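Visitor: Pasting a structure below so you can have a look.
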Amino acid sequence: MTTAPIIGMTDVPPIIEMSDIEKHFGNIIALAGVSFDVRAGECHCLLGDNGAGKSTFIKTMSGVHKPTKGTIRVNGAPVTFGSPRDAMEAGIATVFQDLAMIPLMSVTRNFFMGREPTKGRGPFRRMDIKAANATCVAAMRSMGINLRGPDQAVGTLSGGERQTVAIARAVHFGAKVLILDEPTSALGVRQTSNVLATIDRVRKQGVGVVFITHNVRHAMAVGDRFTVLNRGRTLGTAARGDITAEALQDMMAGGQDMALLEGSLGGTV
Amino acid sequence: MTTAPIIGMTDVPPIIEMSDIEKHFGNIIALAGVSFDVRAGECHCLLGDNGAGKSTFIKTMSGVHKPTKGTIRVNGAPVTFGSPRDAMEAGIATVFQDLAMIPLMSVTRNFFMGREPTKGRGPFRRMDIKAANATCVAAMRSMGINLRGPDQAVGTLSGGERQTVAIARAVHFGAKVLILDEPTSALGVRQTSNVLATIDRVRKQGVGVVFITHNVRHAMAVGDRFTVLNRGRTLGTAARGDITAEALQDMMAGGQDMALLEGSLGGTV
Amino acid sequence: QNIVVVTHGQANDPFWSVVKNGVDKAAADTGATVEYRAPETFDMVAMSQLIDAAVNQEPDGLVVSIPDADALRPAIERAVAAGIPVISMNSGSDVSADFGALLHVGQDEFDAGRIAGEALAEMGGTTAICVNQEVGNVSLDLRCEGFTEGFGGTVEVVPTANDPAQVEATVTAALQSNPEIDTIMGLGAALVGEPSIAAVEAVGRAGEVMIGTFDLSPGFLEAVSAGTAAFGIDQQQYLQGYLPVVFLAMNANFGLVPGGNVPSGPNLVTQDEAAMVVELSAQGIR
Amino acid sequence: MADTTHIAKDERIGTESFVSRLMKRPELGAIAGAILVTLFFLFTADGAMFTLSGVMNFMTPAAQLGILAIGAALLMIGGEFDLSIGSMIAFAGLIFAACVVTLGLPLIIAIPATFALAALAGTLNGAIVLKTGLPSFIVTLAFLFILRGISLVGLKLATDGSTQLRGVRDAVEGDFLRPLFSGDAFPGLFAWGAQVGIVETFANGSPKVPGIPVEILWFIALTLAATWVLLRTPYGNWIFASGGDRAAASNSGVPVRRVKISLFVLTACCATLVAIITVLDAGSTDARRGFMKEFEAIIAAVIGGCLLTGGYGSAIGAFFGSIIFGMVVIGLSYTDFDQDWFQVFLGGMLLIAVLFNNYIRKRVTGER
Amino acid sequence: MADTTHIAKDERIGTESFVSRLMKRPELGAIAGAILVTLFFLFTADGAMFTLSGVMNFMTPAAQLGILAIGAALLMIGGEFDLSIGSMIAFAGLIFAACVVTLGLPLIIAIPATFALAALAGTLNGAIVLKTGLPSFIVTLAFLFILRGISLVGLKLATDGSTQLRGVRDAVEGDFLRPLFSGDAFPGLFAWGAQVGIVETFANGSPKVPGIPVEILWFIALTLAATWVLLRTPYGNWIFASGGDRAAASNSGVPVRRVKISLFVLTACCATLVAIITVLDAGSTDARRGFMKEFEAIIAAVIGGCLLTGGYGSAIGAFFGSIIFGMVVIGLSYTDFDQDWFQVFLGGMLLIAVLFNNYIRKRVTGER
Ligand SMILES: Nc1ncnc2c1ncn2[C@@H]1O[C@H](COP(=O)(O)OP(=O)(O)OP(=O)(O)O)[C@@H](O)[C@H]1O
Ligand SMILES: Nc1ncnc2c1ncn2[C@@H]1O[C@H](COP(=O)(O)OP(=O)(O)OP(=O)(O)O)[C@@H](O)[C@H]1O
Ligand SMILES: [Mg+2]
Ligand SMILES: [Mg+2]
């Protein structure tokens with residue numbers, strides 16, 4: 001495993017390039033210098049143990065946290081994101097691990113929150129609720145969820161339904177980069193395969209995907225490159241084909257031993 | 001697949017038996033008649049698509065929801081749980097899908113919330129904070145998480161760390177029945193195998209385990225029986241060995257087709 | 001008959017509860033149905049709406065206090081226009097006739113303050129504080145203004161809140177930081193007068209500082225009769241409640257009405273009479 | 001938040017009556033409360049209360065409170081409080097009266113100037129809250145004291161020592177903007193109504209109700225506008241989102257800061273509108289104006305179904321909440337209850353109204 | 001909530017100064033605010049303010065407020081409000097005075113009886129809130145009005161028409177329980193102090209400060225007890241949990257209903273304690289006692305770092321919050337500022353104190 005650029009990919013410049021990112025919360029050091037980049041049309045998996053700093057890292061990438069140190073470049077130009085809205089305007093859409101949904105609001109309103117479709121003009125410019133409802137239901141169905149109705153409050157959805165709303169929203173608005181923080185954690189088998197298929201599809205459309213997961217098999221199924229974090233530092237990046245599932249899994253576990261149950265799981269958890 | 005009792009298990013009477021449970025929220029029908037039981041020393045997996053009603057079902061089992069219809073029996077006697085505390089006193093410990101943690105409180109305080117260890121007597125009875133901290137850190141370590149300190153606020157933990165707190169707590173207090181609602185969703189590979197090993201261990205100690213998951217391989221690894229829910233109804237119960245992973249996965253998907261990515265995932269998602 | 005009384009004083013204000021007792025007594029004596037209404041705080045906008053509400057019921061007589069002539073003018077003029085006999089009381093003697101009221105029963109807050117100030121200056125006061133528990137309440141502000149004019153010496157207005165402990169601490173603080181103060185004017189007997197006595201004792205200047213107050217309370221009157229306080233100003237507000245109702249009842253029955261304004265006060269209750277007044281004060285009559 | 005468009009039928013949905021669907025909206029509980037209170041007064045109060053003039057009479061204070069309550073409700077939905085609106089009434093009243101009386105400015109200048117100053121104060125409130133992350137409760141509380149104090153000092157300056165500034169009515173006599181903010185609308189209509197006998201008259205033949213007080217029209221207009229904004233515009237969605245969960249909203253790209261600051265400006269402007277209306281109506285202002293109105297506005301919004309924790313509520317709810325409050329406060333005058341019992345009565349009515357509203361909602365929607 | 005016991009060192013933890021660790025506690029910001037306010041008055045106020053008698057003078061109202069604030073803080077941490085505590089002071093004062101004067105009961109019966117009735121009212125508040133799920137804001141608001149109204153009516157009944165019930169001092173003369181609730185503690189000590197010259201004396205040789213007012217001792221004792229309960233008992237953990245997230249707490253087995261009801265009872269009892277102390281001190285009670293105290297108590301708790309949304313705060317914070325508030329309110333009288341500026345000053349000081357507290361905390365803990 002090596003941090004050198006992979007042959008055949010160097011010709012595509014990275015859309016986002018993060019160098020030496022550090023992030024401290026008071027005296028807690030969450031990231032101690034992480035470098036990472038995403039190119040158009042690839043799925044770059046970010047892997048690592050619990051508490052390794054994956055979520056913290058992608059939050060600096062999507063403008064939620066300001067890095068304590070380090071630089072972010074978008075298409076080669078250094079940027080600082082003042083707010084998640086800035087990152088969104090740069091074409092970055094994110095599914096956060098906590099989903100960023102408002103429980104008391106309806107599915108549609110959550111789906112379009114911050115980017116509502118409108119019709120009419122001047123003082124009569126208003127939300128196009130019909131169109132929004134239709135879009136939302138269709139997007140959810142294409143992910144494998146049949147909503148009871150688009151006006152159900154998100155707080156009353158099941159865990160997987162809620163996660164699907166967040167994914168469908170990010171996919172709908174993801175322009176250049178799509179960041180998915182453990183998007184399949186609460187999903188059923190059907191929904192999971194839908195999400196993996198979706199990742200595959202948007203990648204082919206030229207979107208750069210950052211995919212965080214704890215499931216080695218999911219990572220191997222769609223990933224082009226794999227970066228592993230451990231205790232706030234990067235353990236290195238490998239391209240697909242350069243590494244086996246078992247080796248990846250060992251690195252994800254931070255090199256520590258696993259409980260002895262592997263036999264019945266067929267090697268990978 | 002059949003709902004008839006499985007030979008060899010009938011001699012062990014169920015600890016909890018739920019019959020024909022229905023649950024409506026206003027006009028929304030979440031459960032339309034589900035029967036289910038757990039016996040001592042077994043791991044009974046509850047499977048099903050997103051929104052099938054699994055979480056709603058186990059919430060009626062742990063006293064959070066009152067069922068609209070149906071009866072709950074503990075050791076053969078019908079009961080109604082007025083509050084989760086009642087269920088706890090009957091020996092039922094639950095890891096909820098939303099974890100039931102207070103973000104602003106420390107890990108230790110969350111761990112022991114509702115069942116604080118005390119020392120001293122009379123007006124000097126006080127929380128034994130030292131012992132609590134030590135127990136908590138040890139329980140977390142045995143699940144594969146090294147906490148920075150037991151006084152970190154749960155709100156600042158990573159998703160997987162937080163989930164581990166909830167699991168460690170339930171295992172610590174689980175007396176007769178342990179209910180785990182998607183306990184491994186946010187966990188790393190090492191933590192996941194720890195949780196599966198823990199399920200195996202407590203089962204052997206005679207605790208009945210209800211295990212909800214979307215991962216067929218996890219279910220197959222530790223489950224003794226499998227019940228599948230679909231759209232608020234039960235599709236039937238099967239014993240281990242009576243059903244293949246593939247068949248189970250098809251049932252979990254609610255019989256609907258899955259996106260075509262299976263090749264690279266080796267059959268099971 | 002049906003008579004409505006609308007004032008700016010709340011039913012739980014010690015001063016206004018005496019007015020209301022007068023109203024109730026008059027109702028009992030004349031047999032008229034009398035309703036007493038007041039806004040929940042010193043609120044001229046709300047008061048004018050209460051007057052409107054009264055006018056809508058077309059009573060046989062209306063009694064109002066007029067602490068803000070501009071704000072209440074339209075409502076009162078509407079009542080007069082509707083043919084309802086109006087008597088003003090307590091405040092507003094200057095505009096009462098202009099608005100078409102039959103007469104005014106009461107005493108001007110400003111005048112009462114001036115008389116108190118003159119009395120205390122005569123007793124030798126040179127530096128005073130005027131303790132106001134509700135700054136911004138125009139009728140209370142007027143008392144301090146009048147006092148300042150009548151007193152002549154240095155007067156500082158000390159704002160406090162509706163809380164005896166706080167009043168006591170504030171007055172203590174004022175006395176501690178300015179030893180020159182030799183006179184305290186309170187705008188309420190129970191709320192300011194009594195704690196002021198305690199404050200003066202706390203700084204060890206009992207007997208050196210003169211204390212006067214508006215209105216009466218039994219505790220304060222006892223202090224007056226014991227000589228620890230100078231006087232309480234009695235507007236005889238019981239009359240302000242009683243007389244207008246009786247007048248309006250007479251007017252409704254027989255068309256009788258007095259020919260001019262009735263000044264109800266001021267009346268300084270000093271050491272000589274204080275002891276006699278205590279009992280009446282305890283019953284909410286003075 | 002329910003936009004009642006159903007796309008597909010589903011066996012997992014039971015039948016739901018129209019009433020039950022309606023009752024899920026936050027405002028409809030408040031309507032039930034309003035009906036109960038109306039019924040109560042129909043039985044206990046003088047008939048005059050529900051004549052045209054009686055209704056106008058209790059609607060006037062309700063409207064003044066309501067204008068504030070709409071602003072407070074929007075701000076509460078957006079997750080913040082403004083305790084300074086009561087003091088803002090006194091402050092804006094002083095500025096306005098000083099412009100008109102002391103400086104002799106015409107309304108066309110005085111009104112925008114007052115609003116501009118109020119907006120500035122609102123911005124200041126909002127900026128401090130957002131910049132420091134302190135709870136808006138404590139920041140606006142400080143402004144409650146500061147603005148009221150400044151009003152007192154300013155009044156004394158403007159009047160040479162009095163706390164009451166008079167003469168506004170004379171100063172604006174004949175100003176063309178005055179009818180917009182003061183007095184009664186449609187006087188012609190009502191005079192005609194009096195002639196043909198639709199509108200009651202006093203003995204002297206003048207109509208008992210000379211027109212609709214302008215504040216009632218403002219109140220209705222504001223309610224409609226706020227409802228439209230909340231339910232039908234992106235900005236409304238942002239308000240709900242900002243109040244529901246600030247971090248989630250901001251992570252989803254809602255410009256939370258801008259939304260919150262604009263809401264603080266809105267409440268300040270609502271207070272200013274009330275100040276201008278009452279100062280013009282009363283012809284004077286004093287340092288006690290608007291005392292405790294901040295709490296009444298919050299009460300009305302809460303009766304109307306707004307959550308104190310933000311993210312839920314409606315403008316129509318605040319509308320009916322204000323009417324309930326106004327009706328109870330004025331209604332006592334029309335009954336025979338003794339004034340001593342006023343507060344018991346007020347508290348009891350409030351409690352009964354919200355309990356009833358809650359009971360009805362639960363019954364109808366089947367929540368447990 | 002930080003129980004500073006570290007079990008293992010970790011390379012993922014940077015060094016943290018002792019100060020910074022301290023500042024993470026909610027109360028320590030309030031201490032910074034208190035120090036700032038003290039410094040301010042040291043420079044601007046008359047020296048008398050910080051003599052022993054001056055300190056006792058501002059501590060007495062601060063202690064009365066503080067007793068309420070401790071109760072309010074615990075309730076706020078538990079996720080609820082009680083707006084009826086101000087009225088409860090009037091109500092409990094009436095009950096107590098009526099017991100003592102009208103019924104002539106000794107304190108040993110009158111005091112428990114008053115507390116019992118207050119506890120009942122607290123239970124009623126809590127039961128309605130929990131039974132209906134209505135916000136406690138609106139329920140206790142109704143009781144704000146109801147209790148105050150009942151106090152007025154009750155007083156008039158008890159006194160034949162006056163709003164002041166007096167004669168308490170005579171009625172309890174010589175009662176052995178009296179020194180516990182009234183007057184000054186340790187008079188002997190202070191008399192001795194005066195003799196040896198530690199305590200200032202008046203010209204006549206009597207000490208300027210005759211003792212420590214009992215309310216101050218109650219205040220300190222309550223603060224310590226509340227802190228102990230919050231940080232060192234299971235019940236304290238339940239309070240934090242109930243306020244932090246009611247559903248999560250209840251799902252984890254915390255008896256949320258019992259906790260909340262007991263907190264409502266506690267606040268009612270705190271109000272009763274203040275009522276008894278003030279009635280005994282003043283010798284009388286009236287219908288306006290405790291007016292607006294509910295808000296001041298909430299203000300003090302918020303200054304002290306309690307979150308309005310519940311789940312976070314401390315009793316020591318409320319302690320210093322009350323002292324800040326008490327000091328600012330009384331302190332102006334010791335300065336040369338024009339008293340007209342009182343409210344501007346009060347608001348400004350509050351704002352500066354919380355801003356400073358906030359600034360210090362952020363600087364020290366490195367939060368962003
Ligand atoms: N706001 C914060 N304050 C203090 N510590 C924090 C904060 N946010 C995160 N941390 C700490 O930083 C570390 C990294 O957290 P992060 O959420 O990035 O982990 P992760 O890799 O996403 O883990 P998981 O797989 O469990 O989601 C954790 O140990 C967490 O405790
Ligand atoms: N309080 C509620 N009000 C209305 N509908 C609800 C409520 N709780 C759950 N539901 C609905 O009931 C259905 C079942 O939800 P539940 O959470 O039990 O699903 P689940 O099987 O746990 O799904 P997942 O695997 O995604 O967690 C969902 O469609 C959800 O929308
Ligand atoms: Mg994470
Ligand atoms: Mg679930």
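As shown in the structure tokens, the chain order sets the letters A, B, ...; within each chain, residues go from 1, and ligands are also counted from 1 in the order they appear.
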Pull out every residue of chain A sitting within 6 Å of chain D, counting only C-alpha atoms, and send them as a PyMOL selection string.
Guide: chain A and resi 84-85+100-102+105+114+116+126-127+149+151
Visitor: Among range 54-224 of chain C, which residues carry a DSSP assignment of helix (DSSP H, G or I), reported as a ChimeraX atom specification?
Guide: /C:54-56,69-81,109-122,138-151,164-177,189-202,218-224
Visitor: Counting only C-alpha atoms and all ligand atoms, which protein, DNA or RNA residues come within 7 Å of ligand 4, given as a PyMOL selection string?
Guide: (chain A and resi 158-160) or (chain B and resi 51+53-55+97+181)
Visitor: Quick one: write out the picked residues with all heavy atoms as a compact mmCIF listing (two decimals), in the first residue's frame?
Guide:
```txt
# COMPACT_ATOMS: atom_id res chain seq x y z
N SER A 158 -39.10 5.26 9.86
CA SER A 158 -38.18 4.28 10.42
C SER A 158 -36.75 4.72 10.11
O SER A 158 -36.52 5.58 9.25
CB SER A 158 -38.44 2.91 9.84
OG SER A 158 -37.81 2.78 8.59
N GLY A 159 -35.79 4.15 10.83
CA GLY A 159 -34.40 4.54 10.66
C GLY A 159 -33.94 4.46 9.21
O GLY A 159 -33.29 5.38 8.70
N GLY A 160 -34.28 3.38 8.55
CA GLY A 160 -33.84 3.19 7.17
C GLY A 160 -34.52 4.14 6.22
O GLY A 160 -33.90 4.66 5.29
N GLY B 51 -38.82 -0.03 7.34
CA GLY B 51 -40.21 0.35 7.54
C GLY B 51 -41.14 -0.83 7.74
O GLY B 51 -42.36 -0.67 7.76
N GLY B 53 -41.54 -2.50 10.41
CA GLY B 53 -42.17 -2.43 11.73
C GLY B 53 -41.35 -3.09 12.82
O GLY B 53 -41.84 -3.28 13.93
N LYS B 54 -40.11 -3.42 12.54
CA LYS B 54 -39.27 -4.10 13.53
C LYS B 54 -39.08 -3.26 14.78
O LYS B 54 -39.30 -3.73 15.90
CB LYS B 54 -37.90 -4.42 12.92
CG LYS B 54 -37.93 -5.23 11.65
CD LYS B 54 -36.55 -5.50 11.11
CE LYS B 54 -35.82 -4.25 10.64
NZ LYS B 54 -36.50 -3.51 9.55
N SER B 55 -38.69 -2.01 14.59
CA SER B 55 -38.42 -1.17 15.76
C SER B 55 -39.70 -0.92 16.54
O SER B 55 -39.70 -0.95 17.77
CB SER B 55 -37.83 0.17 15.32
OG SER B 55 -36.63 -0.04 14.64
N GLN B 97 -32.84 1.63 18.42
CA GLN B 97 -32.16 2.06 17.19
C GLN B 97 -31.64 3.49 17.33
O GLN B 97 -30.58 3.83 16.83
CB GLN B 97 -33.15 1.96 16.02
CG GLN B 97 -32.48 2.09 14.67
CD GLN B 97 -33.42 1.72 13.53
OE1 GLN B 97 -34.62 1.55 13.74
NE2 GLN B 97 -32.88 1.56 12.34
N ASP B 181 -31.55 -3.60 18.62
CA ASP B 181 -32.12 -3.11 17.37
C ASP B 181 -31.00 -2.57 16.49
O ASP B 181 -30.50 -1.47 16.72
CB ASP B 181 -33.15 -2.02 17.68
CG ASP B 181 -34.01 -1.67 16.46
OD1 ASP B 181 -33.70 -2.18 15.36
OD2 ASP B 181 -34.96 -0.90 16.61
```
Visitor: Return as an MDAnalysis selection string every polymer residue, whether protein, DNA or RNA, with at least one atom no more than 8 Å from an atom of ligand 1; count only C-alpha atoms and all ligand atoms.
Guide: (chainID A and resid 24:26 28:31 48:57 97 181:182 213:214 229 231:232) or (chainID B and resid 147:148 152:153 155:162 186:188)
Visitor: What is the CA of Val95 in chain C-CA of Ala75 in chain C distance in Å, reported with one decimal?
Guide: 13.7 Å
Visitor: Find the residues near range 110-124 of chain E: any atom within 8 Å, counting only C-alpha atoms, skip ones fewer than 5 places away on the same chain, and give them as a list in words.
Guide: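 That gives Met88, Ala92, Ile95, Phe96, Cys99, Val100, Leu105, Ile261, Ser262, Phe264, Val265, Leu266, Thr267, Ala268, Cys269, Thr272 and Ile276 of chain E.
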Visitor: If you keep N, CA and C atoms, can you produce a file of those selected residues as a PDB file, in the first residue's frame?
Guide:
```
ATOM      1  N   MET E  88     -46.827  32.122  43.899  1.00  0.00           N
ATOM      2  CA  MET E  88     -46.803  31.175  45.001  1.00  0.00           C
ATOM      3  C   MET E  88     -46.301  31.859  46.277  1.00  0.00           C
ATOM      4  N   ALA E  92     -48.513  31.476  49.381  1.00  0.00           N
ATOM      5  CA  ALA E  92     -47.998  30.825  50.588  1.00  0.00           C
ATOM      6  C   ALA E  92     -47.922  31.829  51.726  1.00  0.00           C
ATOM      7  N   ILE E  95     -51.360  32.073  53.168  1.00  0.00           N
ATOM      8  CA  ILE E  95     -51.706  30.879  53.949  1.00  0.00           C
ATOM      9  C   ILE E  95     -50.990  30.922  55.296  1.00  0.00           C
ATOM     10  N   PHE E  96     -49.706  31.217  55.209  1.00  0.00           N
ATOM     11  CA  PHE E  96     -48.908  31.221  56.424  1.00  0.00           C
ATOM     12  C   PHE E  96     -49.403  32.288  57.404  1.00  0.00           C
ATOM     13  N   CYS E  99     -52.669  31.328  58.892  1.00  0.00           N
ATOM     14  CA  CYS E  99     -52.499  30.298  59.922  1.00  0.00           C
ATOM     15  C   CYS E  99     -52.078  30.930  61.236  1.00  0.00           C
ATOM     16  N   VAL E 100     -51.097  31.825  61.126  1.00  0.00           N
ATOM     17  CA  VAL E 100     -50.480  32.374  62.327  1.00  0.00           C
ATOM     18  C   VAL E 100     -51.375  33.416  62.987  1.00  0.00           C
ATOM     19  N   LEU E 105     -52.202  29.687  65.012  1.00  0.00           N
ATOM     20  CA  LEU E 105     -51.425  28.450  65.171  1.00  0.00           C
ATOM     21  C   LEU E 105     -49.967  28.758  65.480  1.00  0.00           C
ATOM     22  N   ILE E 261     -42.306  15.721  38.729  1.00  0.00           N
ATOM     23  CA  ILE E 261     -43.265  16.172  39.751  1.00  0.00           C
ATOM     24  C   ILE E 261     -42.521  16.615  40.999  1.00  0.00           C
ATOM     25  N   SER E 262     -41.500  15.857  41.391  1.00  0.00           N
ATOM     26  CA  SER E 262     -40.792  16.252  42.606  1.00  0.00           C
ATOM     27  C   SER E 262     -40.107  17.595  42.402  1.00  0.00           C
ATOM     28  N   PHE E 264     -41.273  20.061  40.544  1.00  0.00           N
ATOM     29  CA  PHE E 264     -42.320  21.089  40.691  1.00  0.00           C
ATOM     30  C   PHE E 264     -42.607  21.337  42.176  1.00  0.00           C
ATOM     31  N   VAL E 265     -42.629  20.247  42.936  1.00  0.00           N
ATOM     32  CA  VAL E 265     -42.859  20.403  44.376  1.00  0.00           C
ATOM     33  C   VAL E 265     -41.711  21.202  44.989  1.00  0.00           C
ATOM     34  N   LEU E 266     -40.496  20.897  44.553  1.00  0.00           N
ATOM     35  CA  LEU E 266     -39.341  21.614  45.098  1.00  0.00           C
ATOM     36  C   LEU E 266     -39.444  23.113  44.846  1.00  0.00           C
ATOM     37  N   THR E 267     -39.743  23.511  43.607  1.00  0.00           N
ATOM     38  CA  THR E 267     -39.817  24.956  43.338  1.00  0.00           C
ATOM     39  C   THR E 267     -40.912  25.592  44.171  1.00  0.00           C
ATOM     40  N   ALA E 268     -42.044  24.905  44.284  1.00  0.00           N
ATOM     41  CA  ALA E 268     -43.127  25.467  45.105  1.00  0.00           C
ATOM     42  C   ALA E 268     -42.654  25.628  46.541  1.00  0.00           C
ATOM     43  N   CYS E 269     -41.887  24.661  47.024  1.00  0.00           N
ATOM     44  CA  CYS E 269     -41.420  24.754  48.410  1.00  0.00           C
ATOM     45  C   CYS E 269     -40.373  25.854  48.568  1.00  0.00           C
ATOM     46  N   THR E 272     -42.226  28.888  48.919  1.00  0.00           N
ATOM     47  CA  THR E 272     -42.839  28.960  50.241  1.00  0.00           C
ATOM     48  C   THR E 272     -41.831  29.376  51.299  1.00  0.00           C
ATOM     49  N   ILE E 276     -42.273  32.504  53.724  1.00  0.00           N
ATOM     50  CA  ILE E 276     -42.259  32.472  55.192  1.00  0.00           C
ATOM     51  C   ILE E 276     -41.222  33.435  55.730  1.00  0.00           C
TER      52      ILE E 276
END
```
Visitor: Restrict the distance test to only C-alpha atoms, flag each residue of chain D within 7 Å of chain C, and return the flagged residues as a list in words.
Guide: Ala48, Ser53, Gly54, Asn57, Leu152, Thr163, Gln164, Arg166, Phe202, Ala203, Asn204, Thr278, Ala282, Gly283, Ser284, Asp286, Ala287, Arg288, Arg289, Ile330, Ser333, Gln339 and Asp340 of chain D
Visitor: Can you pull out the residues contacting Leu130 in chain E? Cut-off 10 Å, using only C-alpha atoms, and skip same-chain residues under 2 positions away; I want them as number ranges by chain.
Guide: E: 124-128, 132-136, 256-258, 260-261
Visitor: Near Ala139 in chain B, within 12 Å and counting only C-alpha atoms, which residues show up once chain neighbours fewer than 5 positions away are dropped, as a PyMOL selection string?
Guide: chain B and resi 107-108+111-112+132-134+144-147+150+164-173+194-195+198
Visitor: Select all residues from chain E having any atom no more than 9 Å from an atom of chain D (counting only C-alpha atoms, ignoring ligands), output as a PyMOL selection string.
Guide: chain E and resi 132-135+137-139+141-150+152-153+299+302-303+307-309+340-351+354-355+358-359
Visitor: Could you please determine the separation between CA of Phe325 in chain D and CA of Ile89 in chain D in Å, to one decimal place?
Guide: 19.1 Å
